[in-house]
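Enquirer: Structure file target-v5.cif (mmCIF, C-alpha atoms and all ligand atoms) is given on the next line.
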data_start
#
loop_
_atom_site.label_atom_id
_atom_site.label_comp_id
_atom_site.auth_asym_id
_atom_site.auth_seq_id
_atom_site.Cartn_x
_atom_site.Cartn_y
_atom_site.Cartn_z
CA MET A 106 3.90 -6.88 12.85
CA GLU A 107 0.15 -7.04 12.21
CA THR A 108 -1.60 -4.21 10.42
CA VAL A 109 -4.72 -2.50 11.78
CA LEU A 110 -6.94 -0.27 9.70
CA SER A 111 -10.04 1.73 10.44
CA GLY A 112 -12.03 4.40 8.66
CA ILE A 113 -14.95 6.75 9.03
CA ARG A 114 -17.09 8.25 6.30
CA SER A 115 -16.94 12.04 6.17
CA THR A 116 -20.68 12.62 6.11
CA GLY A 117 -20.87 14.48 9.40
CA ASN A 118 -19.26 14.96 12.78
CA LEU A 119 -18.16 11.96 14.82
CA HIS A 120 -20.71 10.74 17.32
CA LEU A 121 -20.41 8.53 20.37
CA GLY A 122 -21.21 5.45 18.26
CA ASN A 123 -18.22 6.12 16.00
CA TYR A 124 -16.03 6.73 19.01
CA PHE A 125 -16.91 3.55 20.90
CA GLY A 126 -17.32 1.40 17.78
CA ALA A 127 -14.18 2.32 15.89
CA VAL A 128 -11.93 4.98 17.42
CA GLN A 129 -11.52 3.76 20.99
CA ASN A 130 -10.24 0.33 19.98
CA PHE A 131 -7.93 1.86 17.46
CA LEU A 132 -6.41 4.19 20.07
CA LYS A 133 -5.46 1.20 22.19
CA MET A 134 -3.64 -0.39 19.26
CA GLN A 135 -1.50 2.38 17.84
CA GLN A 136 1.47 1.60 20.07
CA GLU A 137 1.73 -2.06 19.18
CA TYR A 138 0.49 -2.45 15.62
CA ASN A 139 1.15 -0.98 12.24
CA CYS A 140 -1.88 1.32 12.20
CA TYR A 141 -3.77 3.10 9.42
CA PHE A 142 -6.69 5.38 10.04
CA PHE A 143 -8.40 7.33 7.27
CA VAL A 144 -11.26 9.65 6.37
CA ALA A 145 -13.47 7.92 3.80
CA ASP A 146 -14.39 10.91 1.63
CA TYR A 147 -15.06 8.92 -1.56
CA HIS A 148 -17.66 6.92 0.34
CA SER A 149 -19.40 10.15 1.31
CA LEU A 150 -20.05 10.93 -2.38
CA THR A 151 -22.80 8.31 -2.41
CA THR A 152 -25.01 10.90 -0.69
CA HIS A 153 -24.09 13.77 -3.10
CA PRO A 154 -22.57 16.37 -0.74
CA LYS A 155 -22.11 19.96 -1.88
CA PRO A 156 -18.42 20.74 -2.66
CA ASP A 157 -18.04 23.12 0.32
CA ASN A 158 -19.55 20.59 2.69
CA LEU A 159 -17.32 17.85 1.33
CA HIS A 160 -14.16 19.74 2.27
CA ASN A 161 -15.40 20.99 5.63
CA ASN A 162 -16.55 17.54 6.65
CA VAL A 163 -13.21 15.98 5.78
CA LYS A 164 -11.43 18.66 7.78
CA GLN A 165 -13.79 18.23 10.71
CA VAL A 166 -13.44 14.43 10.87
CA PHE A 167 -9.67 14.70 10.49
CA ALA A 168 -9.49 17.18 13.39
CA GLU A 169 -11.76 14.93 15.45
CA TYR A 170 -9.52 11.92 14.96
CA LEU A 171 -6.53 13.93 16.14
CA ALA A 172 -8.43 15.37 19.09
CA ALA A 173 -9.56 11.88 20.09
CA GLY A 174 -5.92 10.87 20.47
CA ILE A 175 -4.71 9.39 17.20
CA ASP A 176 -1.00 10.12 17.11
CA PRO A 177 0.03 10.90 13.51
CA GLU A 178 3.63 9.97 14.31
CA LEU A 179 2.66 6.48 15.48
CA ALA A 180 -0.23 5.76 13.14
CA THR A 181 -0.70 6.69 9.50
CA LEU A 182 -3.61 9.13 9.40
CA TYR A 183 -4.74 10.09 5.90
CA ILE A 184 -7.54 11.06 3.57
CA GLN A 185 -8.83 8.34 1.22
CA SER A 186 -8.87 10.60 -1.85
CA ASP A 187 -5.17 11.44 -1.34
CA VAL A 188 -4.31 7.85 -2.21
CA PRO A 189 -5.07 7.16 -5.92
CA GLU A 190 -3.99 3.53 -5.49
CA ILE A 191 -7.27 2.91 -3.61
CA PRO A 192 -9.61 3.71 -6.53
CA GLU A 193 -7.35 1.72 -8.84
CA LEU A 194 -7.59 -1.36 -6.61
CA TYR A 195 -11.35 -0.70 -6.38
CA LEU A 196 -11.57 -0.85 -10.17
CA LEU A 197 -9.65 -4.11 -10.29
CA LEU A 198 -11.72 -5.69 -7.50
CA ASN A 199 -14.95 -4.62 -9.20
CA MET A 200 -14.22 -7.03 -12.02
CA ASN A 201 -14.36 -9.93 -9.58
CA SER A 202 -17.45 -8.86 -7.63
CA TYR A 203 -20.92 -9.86 -8.70
CA ILE A 204 -24.08 -7.80 -8.92
CA GLY A 205 -26.15 -10.45 -7.11
CA GLU A 206 -23.98 -10.53 -4.01
CA LEU A 207 -23.76 -6.73 -3.90
CA GLU A 208 -27.52 -6.34 -4.18
CA ARG A 209 -28.00 -8.69 -1.24
CA THR A 210 -25.94 -6.68 1.28
CA THR A 211 -27.99 -5.24 4.12
CA THR A 212 -26.35 -1.82 3.92
CA PHE A 213 -27.32 -1.56 0.23
CA LYS A 214 -30.90 -2.63 0.91
CA ASP A 215 -31.09 -0.09 3.76
CA LYS A 216 -29.90 2.71 1.50
CA VAL A 217 -32.37 1.79 -1.21
CA ARG A 218 -35.08 2.17 1.39
CA LYS A 219 -33.67 5.42 2.82
CA GLN A 220 -32.74 7.23 -0.41
CA PRO A 221 -34.87 5.69 -3.20
CA GLU A 222 -34.32 8.81 -5.33
CA ASN A 223 -30.55 8.22 -5.40
CA VAL A 224 -29.70 4.55 -5.80
CA ASN A 225 -26.38 5.16 -7.53
CA ALA A 226 -23.81 2.58 -8.64
CA GLY A 227 -21.45 3.80 -5.91
CA LEU A 228 -23.92 2.55 -3.32
CA LEU A 229 -24.02 -0.86 -4.94
CA THR A 230 -20.24 -1.15 -5.07
CA TYR A 231 -19.72 0.46 -1.65
CA PRO A 232 -18.42 -2.84 -0.16
CA VAL A 233 -15.89 -3.14 -2.99
CA LEU A 234 -14.46 0.30 -2.26
CA MET A 235 -14.36 -0.64 1.39
CA ALA A 236 -12.52 -3.85 0.51
CA ALA A 237 -10.03 -1.79 -1.49
CA ASP A 238 -9.50 0.46 1.57
CA ILE A 239 -8.68 -2.55 3.70
CA LEU A 240 -6.75 -4.69 1.23
CA ILE A 241 -4.59 -1.84 -0.04
CA HIS A 242 -2.63 -2.09 3.24
CA ARG A 243 -3.25 -5.85 3.59
CA ALA A 244 -4.80 -5.24 7.00
CA HIS A 245 -5.22 -8.02 9.55
CA LYS A 246 -7.56 -6.31 12.00
CA VAL A 247 -10.30 -3.76 11.40
CA PRO A 248 -11.83 -2.02 14.46
CA VAL A 249 -15.47 -1.41 13.52
CA GLY A 250 -18.93 -1.38 15.04
CA LYS A 251 -21.44 -4.18 14.60
CA ASP A 252 -23.08 -2.47 11.61
CA GLN A 253 -19.96 -3.04 9.49
CA GLU A 254 -19.72 -6.77 10.14
CA GLN A 255 -21.30 -7.74 6.83
CA ASN A 256 -19.08 -5.35 4.86
CA LEU A 257 -16.07 -7.03 6.46
CA GLU A 258 -17.43 -10.41 5.41
CA MET A 259 -17.58 -9.11 1.86
CA THR A 260 -13.95 -7.98 2.10
CA ARG A 261 -12.93 -11.46 3.19
CA LYS A 262 -14.92 -12.95 0.34
CA PHE A 263 -13.21 -10.69 -2.23
CA ALA A 264 -9.77 -11.38 -0.74
CA LYS A 265 -10.34 -15.13 -0.78
CA ARG A 266 -11.69 -15.00 -4.34
CA PHE A 267 -8.65 -13.04 -5.50
CA ASN A 268 -6.25 -15.52 -3.89
CA HIS A 269 -8.16 -18.44 -5.36
CA MET A 270 -8.53 -16.95 -8.83
CA TYR A 271 -4.83 -16.25 -9.19
CA GLY A 272 -3.55 -19.20 -7.16
CA VAL A 273 -1.77 -17.02 -4.59
CA GLU A 274 -1.84 -16.45 -0.82
CA TYR A 275 -1.46 -12.71 -1.18
CA PHE A 276 -4.26 -11.12 0.86
CA HIS A 277 -4.84 -11.90 4.54
CA MET A 278 -8.41 -12.43 5.72
CA PRO A 279 -9.07 -9.25 7.73
CA ASP A 280 -11.06 -9.62 10.94
CA PRO A 281 -13.52 -7.12 12.40
CA PHE A 282 -12.11 -6.28 15.79
CA ASN A 283 -13.11 -5.12 19.24
CA PHE A 284 -11.11 -5.47 22.45
CA GLY A 285 -14.25 -6.39 24.33
CA LYS A 286 -14.67 -9.37 21.94
CA GLU A 287 -18.21 -8.50 20.82
CA LEU A 288 -18.58 -5.77 18.22
CA VAL A 289 -20.56 -2.90 19.72
CA LYS A 290 -23.72 -1.17 18.61
CA VAL A 291 -24.19 2.11 20.46
CA PRO A 292 -27.91 2.89 20.53
CA GLY A 293 -29.45 6.22 19.57
CA LEU A 294 -31.69 8.38 21.75
CA ASP A 295 -34.85 7.72 19.77
CA GLY A 296 -35.64 4.41 21.40
CA THR A 297 -34.76 2.02 18.60
CA GLY A 298 -31.75 1.17 16.52
CA LYS A 299 -28.18 2.42 16.45
CA MET A 300 -26.81 5.89 16.85
CA GLY A 301 -26.27 7.19 13.31
CA LYS A 302 -25.08 10.30 11.49
CA SER A 303 -28.11 10.72 9.33
CA ASP A 304 -30.73 9.69 11.85
CA GLY A 305 -30.53 12.78 14.10
CA ASN A 306 -30.47 10.50 17.16
CA GLY A 307 -26.82 10.92 18.13
CA ILE A 308 -24.58 12.92 20.42
CA TYR A 309 -21.54 14.36 18.69
CA LEU A 310 -18.06 14.63 20.18
CA ALA A 311 -18.04 18.35 19.32
CA GLU A 312 -21.52 19.06 20.63
CA GLU A 313 -22.21 21.99 23.00
CA PRO A 314 -23.25 21.00 26.56
CA ALA A 315 -26.62 22.78 26.32
CA SER A 316 -27.50 20.80 23.23
CA ILE A 317 -26.38 17.52 24.83
CA ARG A 318 -28.60 18.21 27.84
CA LYS A 319 -31.55 19.01 25.61
CA LYS A 320 -31.14 15.88 23.49
CA VAL A 321 -30.64 13.52 26.41
CA MET A 322 -33.59 14.97 28.35
CA SER A 323 -35.85 14.35 25.37
CA ALA A 324 -34.65 10.75 24.82
CA VAL A 325 -37.47 8.25 24.45
CA THR A 326 -38.39 6.20 27.58
CA ASP A 327 -41.54 4.39 28.73
CA SER A 328 -44.07 4.87 31.53
CA GLY A 329 -41.85 3.09 34.08
CA PRO A 330 -41.69 -0.37 35.67
CA VAL A 331 -44.75 -1.56 37.54
CA LYS A 332 -43.31 -4.68 39.14
CA PRO A 333 -39.88 -5.47 40.63
CA ASN A 334 -37.18 -6.70 38.24
CA GLN A 335 -39.41 -6.10 35.24
CA GLU A 336 -37.87 -6.76 31.82
CA MET A 337 -36.78 -3.42 30.27
CA THR A 338 -38.30 -2.08 27.08
CA GLU A 339 -35.88 -1.26 24.24
CA PRO A 340 -35.68 2.54 24.82
CA VAL A 341 -34.90 2.03 28.51
CA LYS A 342 -32.39 -0.70 27.79
CA ASN A 343 -30.71 1.74 25.42
CA LEU A 344 -30.43 4.43 28.08
CA PHE A 345 -28.87 1.92 30.46
CA TYR A 346 -26.44 0.89 27.74
CA LEU A 347 -25.36 4.54 27.37
CA LEU A 348 -25.05 4.83 31.14
CA GLU A 349 -22.82 1.76 31.15
CA LEU A 350 -20.56 3.39 28.56
CA MET A 351 -20.44 6.88 30.03
CA SER A 352 -20.91 6.67 33.80
CA GLU A 353 -19.26 5.28 36.91
CA LYS A 354 -20.25 1.78 37.92
CA SER A 355 -21.78 3.11 41.17
CA THR A 356 -24.11 5.36 39.11
CA LEU A 357 -25.15 2.46 36.94
CA ASP A 358 -25.78 0.27 40.02
CA HIS A 359 -27.80 3.02 41.65
CA PHE A 360 -30.17 3.41 38.68
CA ARG A 361 -30.39 -0.35 38.07
CA ASN A 362 -31.44 -0.81 41.65
CA ALA A 363 -33.95 2.04 41.36
CA TYR A 364 -35.37 0.41 38.24
CA ASN A 365 -35.61 -3.01 39.84
CA THR A 366 -37.40 -1.59 42.89
CA CYS A 367 -39.73 0.56 40.75
CA THR A 368 -38.49 3.80 42.33
CA ILE A 369 -36.69 5.08 39.26
CA ARG A 370 -37.30 8.56 37.89
CA TYR A 371 -36.11 8.63 34.30
CA GLY A 372 -35.59 12.40 34.55
CA ASP A 373 -32.90 11.86 37.21
CA LEU A 374 -31.21 9.17 35.12
CA LYS A 375 -31.15 11.40 32.05
CA LYS A 376 -29.78 14.37 34.01
CA GLN A 377 -26.93 12.24 35.31
CA LEU A 378 -26.29 10.68 31.89
CA ALA A 379 -26.14 14.11 30.22
CA GLU A 380 -23.60 15.36 32.79
CA ASP A 381 -21.46 12.25 32.38
CA ILE A 382 -21.48 12.60 28.60
CA ILE A 383 -20.51 16.27 28.92
CA LYS A 384 -17.65 15.35 31.26
CA PHE A 385 -16.34 13.08 28.53
CA THR A 386 -16.95 15.29 25.48
CA ASP A 387 -16.05 18.72 26.90
CA PRO A 388 -12.25 18.37 26.72
CA LEU A 389 -12.60 16.74 23.30
CA ARG A 390 -14.72 19.61 21.98
CA THR A 391 -12.10 22.14 23.06
CA ARG A 392 -9.32 20.16 21.37
CA ILE A 393 -11.36 19.62 18.20
CA ASN A 394 -11.89 23.38 17.84
CA GLU A 395 -8.22 24.16 18.44
CA ILE A 396 -7.04 21.61 15.88
CA TYR A 397 -9.72 22.53 13.32
CA ASN A 398 -8.46 26.11 13.35
CA ASP A 399 -4.78 25.21 13.09
CA GLU A 400 -4.42 25.07 9.30
CA VAL A 401 -0.62 24.81 9.40
CA TYR A 402 -0.65 21.77 11.68
CA LEU A 403 -3.49 20.11 9.75
CA SER A 404 -1.82 20.49 6.39
CA LYS A 405 1.45 19.11 7.77
CA VAL A 406 -0.29 16.04 9.19
CA VAL A 407 -2.35 15.48 6.03
CA LYS A 408 0.78 15.56 3.88
CA MET A 409 2.68 13.22 6.18
CA GLY A 410 -0.23 10.76 6.15
CA GLU A 411 -0.52 10.88 2.39
CA GLU A 412 3.15 10.01 1.95
CA LYS A 413 3.10 7.12 4.41
CA ALA A 414 -0.19 5.72 3.07
CA ARG A 415 0.95 5.90 -0.54
CA ALA A 416 4.22 4.14 0.21
CA SER A 417 2.30 1.12 1.50
CA ALA A 418 -0.52 1.33 -1.07
CA SER A 419 1.74 1.56 -4.11
CA GLN A 420 3.58 -1.60 -3.09
CA THR A 421 0.31 -3.55 -2.84
CA LEU A 422 -0.94 -2.23 -6.15
CA LYS A 423 2.31 -3.12 -7.85
CA ASP A 424 2.06 -6.70 -6.51
CA VAL A 425 -1.62 -7.00 -7.48
CA ARG A 426 -1.03 -5.77 -11.02
CA LYS A 427 1.78 -8.25 -11.43
CA ILE A 428 -0.31 -11.12 -10.05
CA MET A 429 -3.15 -10.22 -12.43
CA GLY A 430 -0.86 -10.25 -15.43
CA PHE A 431 -0.21 -6.57 -16.20
CA LYS A 432 3.23 -6.23 -17.73
CA SER A 433 5.05 -3.30 -19.25
CA PHE A 434 6.20 -3.45 -22.88
P1 LIG B 501 -19.37 5.01 9.36
O1 LIG B 501 -18.73 6.29 8.96
O2 LIG B 501 -20.84 4.88 9.26
O3 LIG B 501 -18.95 4.67 10.83
C1 LIG B 501 -17.58 4.68 11.19
C2 LIG B 501 -17.29 3.65 12.24
O4 LIG B 501 -18.13 3.85 13.37
C3 LIG B 501 -18.87 2.67 13.65
N1 LIG B 501 -20.21 3.02 14.12
C4 LIG B 501 -20.75 2.52 15.24
N2 LIG B 501 -20.27 1.64 16.14
C5 LIG B 501 -21.07 1.35 17.18
N3 LIG B 501 -22.30 1.89 17.37
C6 LIG B 501 -22.82 2.77 16.48
N4 LIG B 501 -24.01 3.31 16.68
C7 LIG B 501 -22.03 3.12 15.34
N5 LIG B 501 -22.21 3.94 14.28
C8 LIG B 501 -21.09 3.86 13.54
C9 LIG B 501 -18.94 1.91 12.33
O5 LIG B 501 -19.16 0.53 12.55
C10 LIG B 501 -17.59 2.21 11.74
O6 LIG B 501 -16.64 1.34 12.28
N6 LIG B 501 -18.19 2.14 5.52
C11 LIG B 501 -17.70 2.71 6.75
C12 LIG B 501 -16.45 3.55 6.56
C13 LIG B 501 -15.36 2.80 5.92
C14 LIG B 501 -14.53 1.82 6.54
C15 LIG B 501 -13.65 1.39 5.50
C16 LIG B 501 -14.45 1.31 7.82
C17 LIG B 501 -14.98 2.91 4.63
N7 LIG B 501 -13.97 2.07 4.39
C18 LIG B 501 -12.69 0.41 5.76
C19 LIG B 501 -13.48 0.34 8.08
C20 LIG B 501 -12.63 -0.09 7.04
C21 LIG B 501 -18.78 3.58 7.31
O7 LIG B 501 -19.61 4.10 6.61
O8 LIG B 501 -18.67 3.79 8.62
#
Rewrite the structure of this file - the entire thing - as structure tokens.
Ligand code: TYM
Expert:
Amino acid sequence: METVLSGIRSTGNLHLGNYFGAVQNFLKMQQEYNCYFFVADYHSLTTHPKPDNLHNNVKQVFAEYLAAGIDPELATLYIQSDVPEIPELYLLLNMNSYIGELERTTTFKDKVRKQPENVNAGLLTYPVLMAADILIHRAHKVPVGKDQEQNLEMTRKFAKRFNHMYGVEYFHMPDPFNFGKELVKVPGLDGTGKMGKSDGNGIYLAEEPASIRKKVMSAVTDSGPVKPNQEMTEPVKNLFYLLELMSEKSTLDHFRNAYNTCTIRYGDLKKQLAEDIIKFTDPLRTRINEIYNDEVYLSKVVKMGEEKARASASQTLKDVRKIMGFKSF
């Protein structure tokens, strides 16, 4: 049976981009694949969270996964830092990864631009830790959004290099995965780029309706089409993309037609979009809050995940150490 793995950094609440990029595809797979889903708390250290925030964020993301429908009996749901085999594999993989290739990754270059005061070594080796996350369970498929495509390429490169270096066929080449074929990039509300945790342009699964309405109503648009079937500007294209994700087809058709005939009022589109998002997030928000406050349930699920994840991880690590030549005296 093929193995599927996905993860989310615990740097903030889950937003719609995370849901449609990573979680939704995973949910469809948990019945038929050997599935691992984890909270990447070590990765969040690259932005230096305060200790209290670190814990609360892990708890929040964990509760959000469960509320979104991950079944901890079917899938293995765990916290990265509960599995010490991951940092050990990270250490081993670091020896076969090169500074030049790490410096060239887009995500690293982005971070250098965004946080020039904190270009730590963890940022540079971020793709190696991610490779360790994936290879520790020898995953075949990795549901991710478009932004993680390059990191997945790095994982394949490290896996191939390991196999080649030691003359084995041990690691599979994991593929980024989306049921709709193309990896998705959910846009933010600020007119350009993707919805992100740190960019303040996202809608969170746990967000209150009033706040969703406010954010959507202030999304960037343009001054409107002046001729029929005019090419859309990026901010407007983004709103239509969100409508396509969140609304009925008839709603989408209605606003597309209004755009193409120059009768569109962006205010009406936003109002409808906000209500459709709320319809989707409202039941999730209620479930997230219930689960977040159920300490007994959470600790049971966390422990169960840790045990299952370590059983698989320790086997891989044992094999890798043997392949590399570690022997006991
Ligand atoms: P992170 O936490 O930034 O995002 C988690 C997942 O959500 C997807 N995503 C999006 N998809 C579509 N549109 C968007 N606007 C959008 N924003 C985020 C991401 O592609 C990702 O799939 N490095 C990873 C976490 C990680 C990981 C792993 C993922 C660590 N180890 C191993 C997969 C496998 C990250 O920071 O994702």
Enquirer: Using all atoms listed in the file, find each protein or nucleic acid residue lying at most 9 Å from ligand LIG 501 (chain B); present the set as a ChimeraX atom specification.
Expert: /A:110-117,119-128,142-149,185,231-232,234-239,247-254,256-257,281,288-293,298-302,307
Enquirer: To one decimal in Å, tell me the separation between CA of Asp157 in chain A and CA of His242 in chain A.
Expert: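 Distance between the two atoms: 29.7 Å.
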Enquirer: Which value, in Å to one decimal, gives the distance between CA of Thr356 in chain A and CA of Asn130 in chain A?
Expert: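 Going from CA of Thr356 in chain A over to CA of Asn130 in chain A, I get 24.2 Å.
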Enquirer: Which distance in Å separates CA of Leu294 in chain A and CA of Ala324 in chain A, to one decimal?
Expert: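 Interatomic distance here is 4.9 Å.
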Enquirer: For Glu353 in chain A, which of A:Ile184, A:Met409, A:Val331, A:Ile382 is the closest residue, counting all atoms listed in the file?
Expert: A:Ile382
Enquirer: Take range 130-152 of chain A, model N, CA, C and O atoms, and hand the result over as a PDB file, in the coordinates of the input.
Expert:
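Okay, selection.pdb is ready:
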ATOM      1  N   ASN A 130     -11.057   1.537  20.138  1.00  0.00           N
ATOM      2  CA  ASN A 130     -10.240   0.330  19.980  1.00  0.00           C
ATOM      3  C   ASN A 130      -8.959   0.627  19.237  1.00  0.00           C
ATOM      4  O   ASN A 130      -7.903   0.072  19.524  1.00  0.00           O
ATOM      5  N   PHE A 131      -9.103   1.502  18.247  1.00  0.00           N
ATOM      6  CA  PHE A 131      -7.930   1.860  17.460  1.00  0.00           C
ATOM      7  C   PHE A 131      -6.876   2.545  18.345  1.00  0.00           C
ATOM      8  O   PHE A 131      -5.681   2.260  18.249  1.00  0.00           O
ATOM      9  N   LEU A 132      -7.347   3.450  19.221  1.00  0.00           N
ATOM     10  CA  LEU A 132      -6.410   4.190  20.070  1.00  0.00           C
ATOM     11  C   LEU A 132      -5.552   3.250  20.905  1.00  0.00           C
ATOM     12  O   LEU A 132      -4.372   3.486  21.130  1.00  0.00           O
ATOM     13  N   LYS A 133      -6.188   2.144  21.334  1.00  0.00           N
ATOM     14  CA  LYS A 133      -5.460   1.200  22.190  1.00  0.00           C
ATOM     15  C   LYS A 133      -4.409   0.435  21.393  1.00  0.00           C
ATOM     16  O   LYS A 133      -3.572  -0.237  21.963  1.00  0.00           O
ATOM     17  N   MET A 134      -4.508   0.476  20.068  1.00  0.00           N
ATOM     18  CA  MET A 134      -3.640  -0.390  19.260  1.00  0.00           C
ATOM     19  C   MET A 134      -2.464   0.341  18.630  1.00  0.00           C
ATOM     20  O   MET A 134      -1.542  -0.286  18.124  1.00  0.00           O
ATOM     21  N   GLN A 135      -2.495   1.672  18.653  1.00  0.00           N
ATOM     22  CA  GLN A 135      -1.500   2.380  17.840  1.00  0.00           C
ATOM     23  C   GLN A 135      -0.048   2.215  18.316  1.00  0.00           C
ATOM     24  O   GLN A 135       0.865   2.408  17.538  1.00  0.00           O
ATOM     25  N   GLN A 136       0.107   1.819  19.577  1.00  0.00           N
ATOM     26  CA  GLN A 136       1.470   1.600  20.070  1.00  0.00           C
ATOM     27  C   GLN A 136       2.068   0.310  19.534  1.00  0.00           C
ATOM     28  O   GLN A 136       3.251   0.212  19.299  1.00  0.00           O
ATOM     29  N   GLU A 137       1.202  -0.719  19.409  1.00  0.00           N
ATOM     30  CA  GLU A 137       1.730  -2.060  19.180  1.00  0.00           C
ATOM     31  C   GLU A 137       1.535  -2.615  17.783  1.00  0.00           C
ATOM     32  O   GLU A 137       2.042  -3.684  17.462  1.00  0.00           O
ATOM     33  N   TYR A 138       0.748  -1.929  16.966  1.00  0.00           N
ATOM     34  CA  TYR A 138       0.490  -2.450  15.620  1.00  0.00           C
ATOM     35  C   TYR A 138       0.886  -1.405  14.591  1.00  0.00           C
ATOM     36  O   TYR A 138       1.080  -0.236  14.896  1.00  0.00           O
ATOM     37  N   ASN A 139       0.937  -1.881  13.361  1.00  0.00           N
ATOM     38  CA  ASN A 139       1.150  -0.980  12.240  1.00  0.00           C
ATOM     39  C   ASN A 139      -0.229  -0.432  11.866  1.00  0.00           C
ATOM     40  O   ASN A 139      -1.043  -1.145  11.303  1.00  0.00           O
ATOM     41  N   CYS A 140      -0.495   0.825  12.251  1.00  0.00           N
ATOM     42  CA  CYS A 140      -1.880   1.320  12.200  1.00  0.00           C
ATOM     43  C   CYS A 140      -2.174   2.339  11.101  1.00  0.00           C
ATOM     44  O   CYS A 140      -1.417   3.297  10.916  1.00  0.00           O
ATOM     45  N   TYR A 141      -3.292   2.145  10.432  1.00  0.00           N
ATOM     46  CA  TYR A 141      -3.770   3.100   9.420  1.00  0.00           C
ATOM     47  C   TYR A 141      -5.167   3.555   9.800  1.00  0.00           C
ATOM     48  O   TYR A 141      -6.026   2.727  10.111  1.00  0.00           O
ATOM     49  N   PHE A 142      -5.359   4.843   9.757  1.00  0.00           N
ATOM     50  CA  PHE A 142      -6.690   5.380  10.040  1.00  0.00           C
ATOM     51  C   PHE A 142      -6.989   6.442   8.981  1.00  0.00           C
ATOM     52  O   PHE A 142      -6.158   7.295   8.704  1.00  0.00           O
ATOM     53  N   PHE A 143      -8.164   6.384   8.373  1.00  0.00           N
ATOM     54  CA  PHE A 143      -8.400   7.330   7.270  1.00  0.00           C
ATOM     55  C   PHE A 143      -9.817   7.894   7.265  1.00  0.00           C
ATOM     56  O   PHE A 143     -10.733   7.330   7.849  1.00  0.00           O
ATOM     57  N   VAL A 144      -9.955   9.019   6.558  1.00  0.00           N
ATOM     58  CA  VAL A 144     -11.260   9.650   6.370  1.00  0.00           C
ATOM     59  C   VAL A 144     -11.789   9.182   5.014  1.00  0.00           C
ATOM     60  O   VAL A 144     -11.163   9.435   3.976  1.00  0.00           O
ATOM     61  N   ALA A 145     -12.930   8.491   5.039  1.00  0.00           N
ATOM     62  CA  ALA A 145     -13.470   7.920   3.800  1.00  0.00           C
ATOM     63  C   ALA A 145     -14.318   8.966   3.070  1.00  0.00           C
ATOM     64  O   ALA A 145     -15.535   8.989   3.181  1.00  0.00           O
ATOM     65  N   ASP A 146     -13.621   9.851   2.313  1.00  0.00           N
ATOM     66  CA  ASP A 146     -14.390  10.910   1.630  1.00  0.00           C
ATOM     67  C   ASP A 146     -15.021  10.422   0.332  1.00  0.00           C
ATOM     68  O   ASP A 146     -16.086  10.890  -0.049  1.00  0.00           O
ATOM     69  N   TYR A 147     -14.395   9.448  -0.351  1.00  0.00           N
ATOM     70  CA  TYR A 147     -15.060   8.920  -1.560  1.00  0.00           C
ATOM     71  C   TYR A 147     -16.398   8.274  -1.186  1.00  0.00           C
ATOM     72  O   TYR A 147     -17.388   8.420  -1.898  1.00  0.00           O
ATOM     73  N   HIS A 148     -16.408   7.558  -0.065  1.00  0.00           N
ATOM     74  CA  HIS A 148     -17.660   6.920   0.340  1.00  0.00           C
ATOM     75  C   HIS A 148     -18.765   7.957   0.576  1.00  0.00           C
ATOM     76  O   HIS A 148     -19.937   7.666   0.381  1.00  0.00           O
ATOM     77  N   SER A 149     -18.370   9.153   1.011  1.00  0.00           N
ATOM     78  CA  SER A 149     -19.400  10.150   1.310  1.00  0.00           C
ATOM     79  C   SER A 149     -20.079  10.659   0.036  1.00  0.00           C
ATOM     80  O   SER A 149     -21.163  11.235   0.087  1.00  0.00           O
ATOM     81  N   LEU A 150     -19.449  10.444  -1.135  1.00  0.00           N
ATOM     82  CA  LEU A 150     -20.050  10.930  -2.380  1.00  0.00           C
ATOM     83  C   LEU A 150     -21.351  10.207  -2.729  1.00  0.00           C
ATOM     84  O   LEU A 150     -22.139  10.710  -3.533  1.00  0.00           O
ATOM     85  N   THR A 151     -21.561   9.049  -2.114  1.00  0.00           N
ATOM     86  CA  THR A 151     -22.800   8.310  -2.410  1.00  0.00           C
ATOM     87  C   THR A 151     -24.041   9.089  -1.979  1.00  0.00           C
ATOM     88  O   THR A 151     -25.133   8.801  -2.424  1.00  0.00           O
ATOM     89  N   THR A 152     -23.851  10.092  -1.094  1.00  0.00           N
ATOM     90  CA  THR A 152     -25.010  10.900  -0.690  1.00  0.00           C
ATOM     91  C   THR A 152     -25.000  12.295  -1.326  1.00  0.00           C
ATOM     92  O   THR A 152     -25.744  13.180  -0.897  1.00  0.00           O
TER      93      THR A 152
END
